[in-house]
$ cat target.pdb   # PDB, C-alpha atoms
ATOM      1  CA  MET A  14       5.996 -10.485  10.907  1.00  0.00           C
ATOM      2  CA  ILE A  15       4.206  -8.170   8.492  1.00  0.00           C
ATOM      3  CA  GLY A  16       0.431  -8.604   8.343  1.00  0.00           C
ATOM      4  CA  VAL A  17      -1.298  -7.673   5.116  1.00  0.00           C
ATOM      5  CA  ILE A  18      -5.059  -7.140   5.339  1.00  0.00           C
ATOM      6  CA  ASN A  19      -7.151  -7.389   2.203  1.00  0.00           C
ATOM      7  CA  SER A  20     -10.634  -6.035   2.692  1.00  0.00           C
ATOM      8  CA  SER A  21     -11.988  -5.107  -0.711  1.00  0.00           C
ATOM      9  CA  SER A  22     -13.309  -7.063  -3.663  1.00  0.00           C
ATOM     10  CA  PRO A  23     -10.843  -7.756  -6.482  1.00  0.00           C
ATOM     11  CA  TYR A  24     -11.668  -5.439  -9.370  1.00  0.00           C
ATOM     12  CA  GLY A  25     -13.508  -2.384  -8.049  1.00  0.00           C
ATOM     13  CA  ASN A  26     -10.220  -0.756  -7.129  1.00  0.00           C
ATOM     14  CA  GLN A  27      -6.483  -1.371  -7.352  1.00  0.00           C
ATOM     15  CA  SER A  28      -6.045  -2.650  -3.789  1.00  0.00           C
ATOM     16  CA  GLY A  29      -5.962  -6.384  -4.511  1.00  0.00           C
ATOM     17  CA  GLN A  30      -3.342  -6.041  -7.237  1.00  0.00           C
ATOM     18  CA  GLU A  31      -1.149  -3.667  -5.240  1.00  0.00           C
ATOM     19  CA  SER A  32      -1.429  -5.757  -2.099  1.00  0.00           C
ATOM     20  CA  LEU A  33      -0.197  -8.738  -4.080  1.00  0.00           C
ATOM     21  CA  ASP A  34       2.635  -6.627  -5.563  1.00  0.00           C
ATOM     22  CA  PHE A  35       3.692  -5.758  -2.030  1.00  0.00           C
ATOM     23  CA  VAL A  36       3.480  -9.350  -0.770  1.00  0.00           C
ATOM     24  CA  LEU A  37       5.620 -10.666  -3.633  1.00  0.00           C
ATOM     25  CA  ALA A  38       8.205  -7.886  -3.134  1.00  0.00           C
ATOM     26  CA  ALA A  39       8.303  -8.576   0.611  1.00  0.00           C
ATOM     27  CA  SER A  40       8.807 -12.287   0.055  1.00  0.00           C
ATOM     28  CA  ASN A  41      11.775 -11.443  -2.194  1.00  0.00           C
ATOM     29  CA  PHE A  42      13.238  -9.693   0.840  1.00  0.00           C
ATOM     30  CA  ALA A  43      12.701 -12.836   2.950  1.00  0.00           C
ATOM     31  CA  GLN A  44      10.046 -11.223   5.147  1.00  0.00           C
ATOM     32  CA  ASP A  45       7.591 -13.242   7.189  1.00  0.00           C
ATOM     33  CA  ILE A  46       4.162 -12.400   5.880  1.00  0.00           C
ATOM     34  CA  SER A  47       0.689 -13.147   7.164  1.00  0.00           C
ATOM     35  CA  LEU A  48      -2.032 -12.550   4.644  1.00  0.00           C
ATOM     36  CA  PHE A  49      -5.567 -11.826   5.851  1.00  0.00           C
ATOM     37  CA  PHE A  50      -8.738 -11.784   3.776  1.00  0.00           C
ATOM     38  CA  VAL A  51     -11.623 -10.068   5.528  1.00  0.00           C
ATOM     39  CA  ASP A  52     -14.899  -8.370   4.582  1.00  0.00           C
ATOM     40  CA  ASP A  53     -15.244  -8.083   0.779  1.00  0.00           C
ATOM     41  CA  GLY A  54     -11.591  -9.150   0.527  1.00  0.00           C
ATOM     42  CA  VAL A  55     -12.781 -12.773   0.590  1.00  0.00           C
ATOM     43  CA  PHE A  56     -14.152 -12.249  -2.935  1.00  0.00           C
ATOM     44  CA  GLN A  57     -10.533 -12.120  -4.154  1.00  0.00           C
ATOM     45  CA  LEU A  58     -10.244 -15.818  -3.370  1.00  0.00           C
ATOM     46  CA  ILE A  59     -13.221 -17.121  -5.328  1.00  0.00           C
ATOM     47  CA  GLU A  60     -12.024 -19.762  -7.772  1.00  0.00           C
ATOM     48  CA  LYS A  61     -12.507 -19.675 -11.539  1.00  0.00           C
ATOM     49  CA  GLN A  62     -12.739 -15.923 -11.896  1.00  0.00           C
ATOM     50  CA  THR A  63     -12.814 -14.538 -15.441  1.00  0.00           C
ATOM     51  CA  PRO A  64     -11.850 -10.863 -15.137  1.00  0.00           C
ATOM     52  CA  GLU A  65     -10.636 -10.993 -18.750  1.00  0.00           C
ATOM     53  CA  GLN A  66     -14.259 -10.249 -19.620  1.00  0.00           C
ATOM     54  CA  ILE A  67     -13.846  -6.798 -18.113  1.00  0.00           C
ATOM     55  CA  GLU A  68     -10.303  -6.470 -19.486  1.00  0.00           C
ATOM     56  CA  HIS A  69      -8.782  -6.813 -16.062  1.00  0.00           C
ATOM     57  CA  LYS A  70      -5.624  -8.765 -15.328  1.00  0.00           C
ATOM     58  CA  ASN A  71      -6.376 -12.025 -13.549  1.00  0.00           C
ATOM     59  CA  PHE A  72      -4.142 -11.335 -10.549  1.00  0.00           C
ATOM     60  CA  PRO A  73      -5.929 -13.827  -8.230  1.00  0.00           C
ATOM     61  CA  LYS A  74      -4.397 -16.573 -10.392  1.00  0.00           C
ATOM     62  CA  THR A  75      -1.072 -15.656  -8.760  1.00  0.00           C
ATOM     63  CA  PHE A  76      -2.405 -16.641  -5.313  1.00  0.00           C
ATOM     64  CA  ALA A  77      -1.755 -20.245  -6.305  1.00  0.00           C
ATOM     65  CA  ALA A  78       1.978 -19.409  -6.495  1.00  0.00           C
ATOM     66  CA  LEU A  79       2.193 -17.895  -3.016  1.00  0.00           C
ATOM     67  CA  GLY A  80       3.486 -21.162  -1.552  1.00  0.00           C
ATOM     68  CA  PHE A  81       6.383 -20.960  -3.984  1.00  0.00           C
ATOM     69  CA  TYR A  82       7.162 -17.529  -2.518  1.00  0.00           C
ATOM     70  CA  ASP A  83       7.088 -19.029   0.998  1.00  0.00           C
ATOM     71  CA  VAL A  84       3.915 -17.153   1.871  1.00  0.00           C
ATOM     72  CA  GLU A  85       2.095 -19.809   3.823  1.00  0.00           C
ATOM     73  CA  ASN A  86       0.192 -17.937   6.509  1.00  0.00           C
ATOM     74  CA  ILE A  87      -3.038 -17.198   4.695  1.00  0.00           C
ATOM     75  CA  TYR A  88      -6.083 -16.543   6.851  1.00  0.00           C
ATOM     76  CA  VAL A  89      -9.694 -16.123   5.824  1.00  0.00           C
ATOM     77  CA  CYS A  90     -12.335 -14.611   8.076  1.00  0.00           C
ATOM     78  CA  ALA A  91     -15.028 -17.268   8.500  1.00  0.00           C
ATOM     79  CA  GLU A  92     -17.721 -14.756   9.350  1.00  0.00           C
ATOM     80  CA  SER A  93     -16.990 -12.702   6.222  1.00  0.00           C
ATOM     81  CA  LEU A  94     -17.552 -15.859   4.147  1.00  0.00           C
ATOM     82  CA  THR A  95     -20.793 -16.710   5.956  1.00  0.00           C
ATOM     83  CA  LEU A  96     -22.168 -13.188   5.590  1.00  0.00           C
ATOM     84  CA  ARG A  97     -21.593 -13.400   1.838  1.00  0.00           C
ATOM     85  CA  ASN A  98     -23.025 -16.890   1.507  1.00  0.00           C
ATOM     86  CA  LEU A  99     -19.649 -18.230   0.357  1.00  0.00           C
ATOM     87  CA  SER A 100     -18.203 -21.584   1.299  1.00  0.00           C
ATOM     88  CA  TYR A 101     -14.613 -22.459   2.064  1.00  0.00           C
ATOM     89  CA  GLU A 102     -14.773 -25.007  -0.772  1.00  0.00           C
ATOM     90  CA  ALA A 103     -15.294 -22.157  -3.274  1.00  0.00           C
ATOM     91  CA  LEU A 104     -11.884 -20.667  -2.536  1.00  0.00           C
ATOM     92  CA  CYS A 105      -9.001 -20.959  -4.979  1.00  0.00           C
ATOM     93  CA  ILE A 106      -6.141 -21.563  -2.537  1.00  0.00           C
ATOM     94  CA  GLU A 107      -5.392 -23.421   0.632  1.00  0.00           C
ATOM     95  CA  SER A 108      -6.004 -21.160   3.585  1.00  0.00           C
ATOM     96  CA  THR A 109      -6.896 -21.233   7.257  1.00  0.00           C
ATOM     97  CA  LEU A 110     -10.419 -20.316   8.303  1.00  0.00           C
ATOM     98  CA  VAL A 111     -10.391 -18.161  11.418  1.00  0.00           C
ATOM     99  CA  SER A 112     -12.998 -16.813  13.800  1.00  0.00           C
ATOM    100  CA  ASP A 113     -13.170 -13.158  14.815  1.00  0.00           C
ATOM    101  CA  SER A 114     -11.304 -13.789  18.037  1.00  0.00           C
ATOM    102  CA  GLU A 115      -8.601 -15.859  16.318  1.00  0.00           C
ATOM    103  CA  LEU A 116      -8.264 -13.053  13.791  1.00  0.00           C
ATOM    104  CA  ARG A 117      -7.741 -10.518  16.558  1.00  0.00           C
ATOM    105  CA  THR A 118      -5.059 -12.694  18.147  1.00  0.00           C
ATOM    106  CA  LEU A 119      -3.242 -13.241  14.833  1.00  0.00           C
ATOM    107  CA  LEU A 120      -3.360  -9.544  13.985  1.00  0.00           C
ATOM    108  CA  SER A 121      -1.974  -8.637  17.389  1.00  0.00           C
ATOM    109  CA  GLU A 122       0.960 -10.988  16.793  1.00  0.00           C
ATOM    110  CA  CYS A 123       2.082  -9.000  13.728  1.00  0.00           C
ATOM    111  CA  ASP A 124       4.799  -6.354  14.188  1.00  0.00           C
ATOM    112  CA  THR A 125       3.455  -4.275  11.326  1.00  0.00           C
ATOM    113  CA  LEU A 126       0.061  -4.168   9.639  1.00  0.00           C
ATOM    114  CA  LEU A 127      -0.725  -2.779   6.223  1.00  0.00           C
ATOM    115  CA  ARG A 128      -4.302  -2.538   5.064  1.00  0.00           C
ATOM    116  CA  PHE A 129      -5.363  -2.689   1.454  1.00  0.00           C
ATOM    117  CA  GLY A 130      -9.017  -1.742   1.427  1.00  0.00           C
TER
ATOM    118  CA  MET B   8      11.770   8.441  21.645  1.00  0.00           C
ATOM    119  CA  ALA B   9      10.619   6.307  18.784  1.00  0.00           C
ATOM    120  CA  SER B  10      11.445   6.109  15.120  1.00  0.00           C
ATOM    121  CA  PHE B  11       8.472   5.999  12.780  1.00  0.00           C
ATOM    122  CA  SER B  12       8.043   4.796   9.263  1.00  0.00           C
ATOM    123  CA  ILE B  13       5.086   6.429   7.547  1.00  0.00           C
ATOM    124  CA  VAL B  14       3.129   4.790   4.738  1.00  0.00           C
ATOM    125  CA  VAL B  15       0.763   7.078   2.849  1.00  0.00           C
ATOM    126  CA  THR B  16      -1.861   5.299   0.754  1.00  0.00           C
ATOM    127  CA  SER B  17      -4.376   8.165   0.760  1.00  0.00           C
ATOM    128  CA  PRO B  18      -4.607  10.651  -2.098  1.00  0.00           C
ATOM    129  CA  PRO B  19      -3.914  14.349  -1.459  1.00  0.00           C
ATOM    130  CA  LEU B  20      -7.366  15.790  -1.940  1.00  0.00           C
ATOM    131  CA  ASP B  21     -10.150  13.211  -1.779  1.00  0.00           C
ATOM    132  CA  SER B  22      -9.529  12.087   1.768  1.00  0.00           C
ATOM    133  CA  GLN B  23      -7.953  13.567   4.862  1.00  0.00           C
ATOM    134  CA  GLY B  24      -5.417  10.747   5.235  1.00  0.00           C
ATOM    135  CA  ALA B  25      -2.463  12.428   3.554  1.00  0.00           C
ATOM    136  CA  TYR B  26      -2.925  15.644   5.512  1.00  0.00           C
ATOM    137  CA  SER B  27      -3.174  13.647   8.747  1.00  0.00           C
ATOM    138  CA  ALA B  28       0.119  11.962   7.822  1.00  0.00           C
ATOM    139  CA  TYR B  29       1.703  15.367   7.285  1.00  0.00           C
ATOM    140  CA  ARG B  30       0.439  16.604  10.667  1.00  0.00           C
ATOM    141  CA  PHE B  31       1.613  13.447  12.399  1.00  0.00           C
ATOM    142  CA  ILE B  32       5.129  13.690  10.962  1.00  0.00           C
ATOM    143  CA  ASP B  33       5.409  17.360  11.845  1.00  0.00           C
ATOM    144  CA  ALA B  34       4.250  16.685  15.418  1.00  0.00           C
ATOM    145  CA  ALA B  35       6.472  13.624  15.839  1.00  0.00           C
ATOM    146  CA  ILE B  36       9.611  15.470  14.782  1.00  0.00           C
ATOM    147  CA  LYS B  37       8.824  18.551  16.847  1.00  0.00           C
ATOM    148  CA  THR B  38       8.450  16.383  19.942  1.00  0.00           C
ATOM    149  CA  GLY B  39      11.798  14.697  19.440  1.00  0.00           C
ATOM    150  CA  HIS B  40      10.872  11.499  17.617  1.00  0.00           C
ATOM    151  CA  THR B  41      12.429  10.541  14.323  1.00  0.00           C
ATOM    152  CA  VAL B  42      10.749   9.714  11.045  1.00  0.00           C
ATOM    153  CA  SER B  43      12.965   7.382   9.089  1.00  0.00           C
ATOM    154  CA  GLY B  44      11.045   7.800   5.890  1.00  0.00           C
ATOM    155  CA  VAL B  45       7.740   8.367   4.181  1.00  0.00           C
ATOM    156  CA  PHE B  46       6.614   5.880   1.575  1.00  0.00           C
ATOM    157  CA  PHE B  47       3.826   6.750  -0.845  1.00  0.00           C
ATOM    158  CA  TYR B  48       1.899   3.786  -2.233  1.00  0.00           C
ATOM    159  CA  GLN B  49      -1.454   3.146  -3.935  1.00  0.00           C
ATOM    160  CA  ALA B  50      -3.390   6.427  -4.456  1.00  0.00           C
ATOM    161  CA  GLY B  51      -0.908   8.050  -2.060  1.00  0.00           C
ATOM    162  CA  VAL B  52       1.540   8.402  -4.962  1.00  0.00           C
ATOM    163  CA  LEU B  53      -0.600  11.291  -6.244  1.00  0.00           C
ATOM    164  CA  ASN B  54       0.898  13.369  -3.438  1.00  0.00           C
ATOM    165  CA  GLY B  55       4.175  13.270  -5.357  1.00  0.00           C
ATOM    166  CA  SER B  56       2.896  15.228  -8.343  1.00  0.00           C
ATOM    167  CA  PHE B  57       3.923  18.852  -8.550  1.00  0.00           C
ATOM    168  CA  PHE B  58       1.266  19.312 -11.221  1.00  0.00           C
ATOM    169  CA  GLN B  59      -1.177  20.279  -8.495  1.00  0.00           C
ATOM    170  CA  SER B  60      -2.715  23.697  -8.562  1.00  0.00           C
ATOM    171  CA  VAL B  61      -5.097  24.767  -5.825  1.00  0.00           C
ATOM    172  CA  LEU B  62      -6.930  28.035  -5.235  1.00  0.00           C
ATOM    173  CA  SER B  63      -4.930  30.545  -3.241  1.00  0.00           C
ATOM    174  CA  ASP B  64      -7.183  30.343  -0.168  1.00  0.00           C
ATOM    175  CA  GLU B  65      -7.065  26.531  -0.024  1.00  0.00           C
ATOM    176  CA  LEU B  66      -4.593  24.130   1.558  1.00  0.00           C
ATOM    177  CA  ASP B  67      -1.623  23.441  -0.715  1.00  0.00           C
ATOM    178  CA  LEU B  68      -0.574  20.054   0.597  1.00  0.00           C
ATOM    179  CA  ALA B  69       1.936  19.456  -2.212  1.00  0.00           C
ATOM    180  CA  LYS B  70       3.859  22.532  -1.122  1.00  0.00           C
ATOM    181  CA  LYS B  71       3.739  21.392   2.502  1.00  0.00           C
ATOM    182  CA  TRP B  72       5.190  17.977   1.633  1.00  0.00           C
ATOM    183  CA  GLN B  73       7.927  19.655  -0.307  1.00  0.00           C
ATOM    184  CA  SER B  74       8.983  21.952   2.524  1.00  0.00           C
ATOM    185  CA  LEU B  75       8.683  19.146   5.079  1.00  0.00           C
ATOM    186  CA  GLY B  76      10.932  16.897   3.003  1.00  0.00           C
ATOM    187  CA  GLU B  77      13.490  19.647   2.525  1.00  0.00           C
ATOM    188  CA  GLN B  78      13.392  21.055   6.048  1.00  0.00           C
ATOM    189  CA  PHE B  79      13.727  17.755   7.909  1.00  0.00           C
ATOM    190  CA  GLU B  80      15.624  15.900   5.181  1.00  0.00           C
ATOM    191  CA  ILE B  81      13.208  12.989   5.244  1.00  0.00           C
ATOM    192  CA  PRO B  82      13.208  10.742   2.178  1.00  0.00           C
ATOM    193  CA  LEU B  83       9.832  11.031   0.435  1.00  0.00           C
ATOM    194  CA  GLN B  84       9.759   7.774  -1.477  1.00  0.00           C
ATOM    195  CA  VAL B  85       7.185   7.053  -4.145  1.00  0.00           C
ATOM    196  CA  CYS B  86       6.557   3.545  -5.488  1.00  0.00           C
ATOM    197  CA  VAL B  87       7.472   3.720  -9.168  1.00  0.00           C
ATOM    198  CA  THR B  88       4.961   1.098 -10.377  1.00  0.00           C
ATOM    199  CA  ALA B  89       2.008   2.538  -8.484  1.00  0.00           C
ATOM    200  CA  ALA B  90       3.041   6.030  -9.593  1.00  0.00           C
ATOM    201  CA  ASN B  91       3.397   5.248 -13.288  1.00  0.00           C
ATOM    202  CA  ARG B  92      -0.036   3.584 -13.251  1.00  0.00           C
ATOM    203  CA  ARG B  93      -1.483   6.874 -12.036  1.00  0.00           C
ATOM    204  CA  GLY B  94       0.306   9.301 -14.314  1.00  0.00           C
ATOM    205  CA  ILE B  95       3.102  10.213 -11.930  1.00  0.00           C
ATOM    206  CA  LEU B  96       6.406  10.214 -13.801  1.00  0.00           C
ATOM    207  CA  SER B  97       9.961  11.090 -12.870  1.00  0.00           C
ATOM    208  CA  SER B  98      12.487  12.628 -15.263  1.00  0.00           C
ATOM    209  CA  GLU B  99      14.013   9.169 -15.618  1.00  0.00           C
ATOM    210  CA  ASP B 100      10.638   7.652 -16.579  1.00  0.00           C
ATOM    211  CA  VAL B 101      10.267  10.309 -19.262  1.00  0.00           C
ATOM    212  CA  ARG B 102      13.785   9.675 -20.558  1.00  0.00           C
ATOM    213  CA  GLU B 103      12.992   5.981 -20.902  1.00  0.00           C
ATOM    214  CA  ASN B 104       9.618   6.461 -22.590  1.00  0.00           C
ATOM    215  CA  LYS B 105       9.377   8.975 -25.375  1.00  0.00           C
ATOM    216  CA  ASP B 106       5.562   8.936 -25.252  1.00  0.00           C
ATOM    217  CA  PHE B 107       5.677  11.412 -22.393  1.00  0.00           C
ATOM    218  CA  ALA B 108       6.485  15.063 -22.883  1.00  0.00           C
ATOM    219  CA  ASP B 109       7.164  16.046 -19.302  1.00  0.00           C
ATOM    220  CA  PHE B 110       7.597  14.706 -15.786  1.00  0.00           C
ATOM    221  CA  ASN B 111       5.765  15.681 -12.596  1.00  0.00           C
ATOM    222  CA  LEU B 112       7.793  14.016  -9.855  1.00  0.00           C
ATOM    223  CA  LYS B 113      10.881  15.770  -8.550  1.00  0.00           C
ATOM    224  CA  PRO B 114      12.899  16.017  -5.329  1.00  0.00           C
ATOM    225  CA  PRO B 115      12.352  15.833  -2.433  1.00  0.00           C
ATOM    226  CA  PHE B 116      10.098  13.079  -3.848  1.00  0.00           C
ATOM    227  CA  ILE B 117      12.031  10.188  -5.307  1.00  0.00           C
ATOM    228  CA  SER B 118      10.903   7.231  -7.363  1.00  0.00           C
ATOM    229  CA  VAL B 119      11.816   3.855  -5.793  1.00  0.00           C
ATOM    230  CA  GLY B 120      10.890   0.178  -5.805  1.00  0.00           C
ATOM    231  CA  LEU B 121       8.778  -1.607  -3.169  1.00  0.00           C
ATOM    232  CA  GLY B 122      11.942  -3.012  -1.612  1.00  0.00           C
ATOM    233  CA  GLU B 123      12.535   0.411  -0.066  1.00  0.00           C
ATOM    234  CA  LEU B 124       9.265   0.075   1.839  1.00  0.00           C
ATOM    235  CA  ILE B 125      10.430  -3.220   3.324  1.00  0.00           C
ATOM    236  CA  THR B 126      13.730  -1.632   4.358  1.00  0.00           C
ATOM    237  CA  GLN B 127      11.903   1.312   5.894  1.00  0.00           C
ATOM    238  CA  ILE B 128       9.507  -0.921   7.847  1.00  0.00           C
ATOM    239  CA  ASN B 129      12.418  -2.945   9.220  1.00  0.00           C
ATOM    240  CA  GLN B 130      14.401   0.115  10.279  1.00  0.00           C
ATOM    241  CA  ALA B 131      11.640   1.832  12.231  1.00  0.00           C
ATOM    242  CA  ASP B 132      10.195   0.976  15.633  1.00  0.00           C
ATOM    243  CA  ARG B 133       6.703   1.458  14.283  1.00  0.00           C
ATOM    244  CA  THR B 134       5.045   1.787  10.930  1.00  0.00           C
ATOM    245  CA  ILE B 135       1.923   3.885  10.611  1.00  0.00           C
ATOM    246  CA  GLN B 136      -0.320   3.867   7.563  1.00  0.00           C
ATOM    247  CA  PHE B 137      -2.447   6.831   6.583  1.00  0.00           C
TER
END

$ encode --input "target.pdb" --output "structure tokens"
Amino acid sequence: MIGVINSSSPYGNQSGQESLDFVLAASNFAQDISLFFVDDGVFQLIEKQTPEQIEHKNFPKTFAALGFYDVENIYVCAESLTLRNLSYEALCIESTLVSDSELRTLLSECDTLLRFG
Amino acid sequence: MASFSIVVTSPPLDSQGAYSAYRFIDAAIKTGHTVSGVFFYQAGVLNGSFFQSVLSDELDLAKKWQSLGEQFEIPLQVCVTAANRRGILSSEDVRENKDFADFNLKPPFISVGLGELITQINQADRTIQF
């Protein structure tokens, strides 16, 4: 199981896009992936984003296709949402809300972790 | 003895990550471990450019990567997409796109797809990201 941690907001750097590139490539190689959104990474999941206004590719749109790529373990840090006054209902894809301790357990179950922050 | 896969996502100059990776690899090999490969991704691809010129009394990390790759025969793999986005081009990239006059990626660095990273992760006992 490869764990991919997303911890930065979508457009301030290239991490979100290149994390997604990695996840899609890994799914092509039939890898088990767990995707984690923590800290500012939760901003990647806000629905109805319009990055076209800043001439940025709308890569979060692709999150909706992750199920098609058999990426089904998607975890969102509940505390990161709360701290940013975001609600689970505002997210663009189906995901599992996890507490800090659940997050630690899930991360420890991964064989490999890559962080995109 | 373990086999390590190293992922470098830090740029050469603006953080210490890439140098730490270099030190780790050197130490691992000298103590009998193996490093199955080094994969450069995100800003880490900038390490692959040989268009780096530093002052003579400063650390020349590009040169160190080059001698490490040659001395230990470790594949230094650079993600082609991440590299091209950041102005890192191989001779093949330049051949395919006439807009570019020259290339700045050469062996022991090689331009590869992300699939190589997956292979590398699966082959090693542990993967460490710098």

$ resolve_selection --input "target.pdb" --expression "the PyMOL selection byres ((chain B and resi 104-115) around 8)" --output "ChimeraX atom specification"
/B:55-58,73,76-77,82-83,95-98,100-103,116-118

$ closest_residue --input "target.pdb" --among "B:Ser22, B:Ser12, B:Ser60, B:Ser74" --to "chain A" --atoms "only C-alpha atoms"
B:Ser12

$ resolve_selection --input "target.pdb" --expression "the PyMOL selection byres ((chain B) within 8 of (chain A))" --output "list in words"
Gln49, Ala89, Leu121, Gly122, Ile125, Ile128, Arg133, Thr134 and Gln136 of chain B

$ atom_distance --input "target.pdb" --atom1 "atom CA of A:Val51" --atom2 "atom CA of A:Leu110"
10.7 Å

$ atom_distance --input "target.pdb" --atom1 "atom CA of B:Gly94" --atom2 "atom CA of B:Ala50"
10.9 Å

$ resolve_selection --input "target.pdb" --expression "the PyMOL selection byres ((chain A and resi 46) around 6)" --output "count of residues only"
5

$ residues_around --input "target.pdb" --residues "A:Pro64" --least-positions-apart "4" --cutoff "10 Å" --atoms "all atoms listed in the file" --output "list in words"
Pro23, Tyr24, Glu68, His69, Lys70, Asn71, Phe72 and Pro73 of chain A

$ closest_residue --input "target.pdb" --among "B:Gln23, B:Asp33, B:Leu124, B:Val15" --to "B:Leu53" --atoms "all atoms listed in the file"
B:Val15

$ residues_around --input "target.pdb" --residues "A:Asp113" --least-positions-apart "6" --cutoff "8 Å" --atoms "all atoms listed in the file" --output "PyMOL selection string"
chain A and resi 90-92

$ write_last_selection --input "target.pdb" --atoms "C-alpha atoms" --output "CSV table (one decimal), keeping the file's coordinate frame"
chain,number,residue,atom,x,y,z
A,90,CYS,CA,-12.3,-14.6,8.1
A,91,ALA,CA,-15.0,-17.3,8.5
A,92,GLU,CA,-17.7,-14.8,9.4

$ closest_residue --input "target.pdb" --among "B:Ala28, B:Val45, B:Leu66, B:Leu75" --to "B:Val119" --atoms "only C-alpha atoms"
B:Val45

$ closest_residue --input "target.pdb" --among "B:Leu20, B:Glu80, B:Phe46, B:Asp64" --to "B:Gly120" --atoms "all atoms listed in the file"
B:Phe46

$ residues_around --input "target.pdb" --residues "B:Phe137" --least-positions-apart "3" --cutoff "8 Å" --atoms "all atoms listed in the file" --output "PyMOL selection string"
chain B and resi 13-17+24-25+27-28

$ closest_residue --input "target.pdb" --among "B:Asn54, B:Trp72, B:Cys86, B:Ile81" --to "B:Thr41" --atoms "all atoms listed in the file"
B:Ile81

$ atom_distance --input "target.pdb" --atom1 "atom CA of B:Arg93" --atom2 "atom CA of B:Phe79"
27.3 Å

$ decode --input "target.pdb" --residues "stretch 88-103 of chain A" --atoms "N, CA and C atoms" --output "tab-separated table (two decimals), in the first residue's frame"
chain	number	residue	atom	x	y	z
A	88	TYR	N	-8.93	9.67	2.30
A	88	TYR	CA	-9.16	10.08	3.68
A	88	TYR	C	-8.93	11.57	3.86
A	89	VAL	N	-9.83	12.18	4.62
A	89	VAL	CA	-9.72	13.62	4.87
A	89	VAL	C	-9.61	13.85	6.37
A	90	CYS	N	-8.65	14.64	6.76
A	90	CYS	CA	-8.43	14.94	8.17
A	90	CYS	C	-9.54	15.86	8.68
A	91	ALA	N	-10.33	15.36	9.63
A	91	ALA	CA	-11.48	16.11	10.13
A	91	ALA	C	-11.04	17.40	10.80
A	92	GLU	N	-9.95	17.31	11.56
A	92	GLU	CA	-9.50	18.50	12.28
A	92	GLU	C	-9.03	19.60	11.32
A	93	SER	N	-8.39	19.18	10.21
A	93	SER	CA	-7.94	20.17	9.23
A	93	SER	C	-9.14	20.92	8.64
A	94	LEU	N	-10.25	20.20	8.43
A	94	LEU	CA	-11.47	20.85	7.93
A	94	LEU	C	-12.00	21.84	8.96
A	95	THR	N	-12.11	21.38	10.22
A	95	THR	CA	-12.66	22.21	11.28
A	95	THR	C	-11.84	23.49	11.45
A	96	LEU	N	-10.52	23.33	11.45
A	96	LEU	CA	-9.64	24.50	11.65
A	96	LEU	C	-9.81	25.53	10.55
A	97	ARG	N	-10.25	25.07	9.37
A	97	ARG	CA	-10.41	25.99	8.24
A	97	ARG	C	-11.88	26.35	8.00
A	98	ASN	N	-12.70	26.01	8.97
A	98	ASN	CA	-14.13	26.33	8.89
A	98	ASN	C	-14.77	25.75	7.63
A	99	LEU	N	-14.33	24.55	7.24
A	99	LEU	CA	-14.89	23.88	6.07
A	99	LEU	C	-15.77	22.72	6.54
A	100	SER	N	-16.80	22.42	5.76
A	100	SER	CA	-17.63	21.28	6.13
A	100	SER	C	-17.43	20.15	5.12
A	101	TYR	N	-17.69	18.96	5.59
A	101	TYR	CA	-17.55	17.77	4.75
A	101	TYR	C	-18.44	17.89	3.51
A	102	GLU	N	-19.59	18.55	3.69
A	102	GLU	CA	-20.55	18.70	2.58
A	102	GLU	C	-19.98	19.56	1.45
A	103	ALA	N	-18.96	20.36	1.75
A	103	ALA	CA	-18.39	21.26	0.73
A	103	ALA	C	-17.35	20.56	-0.14
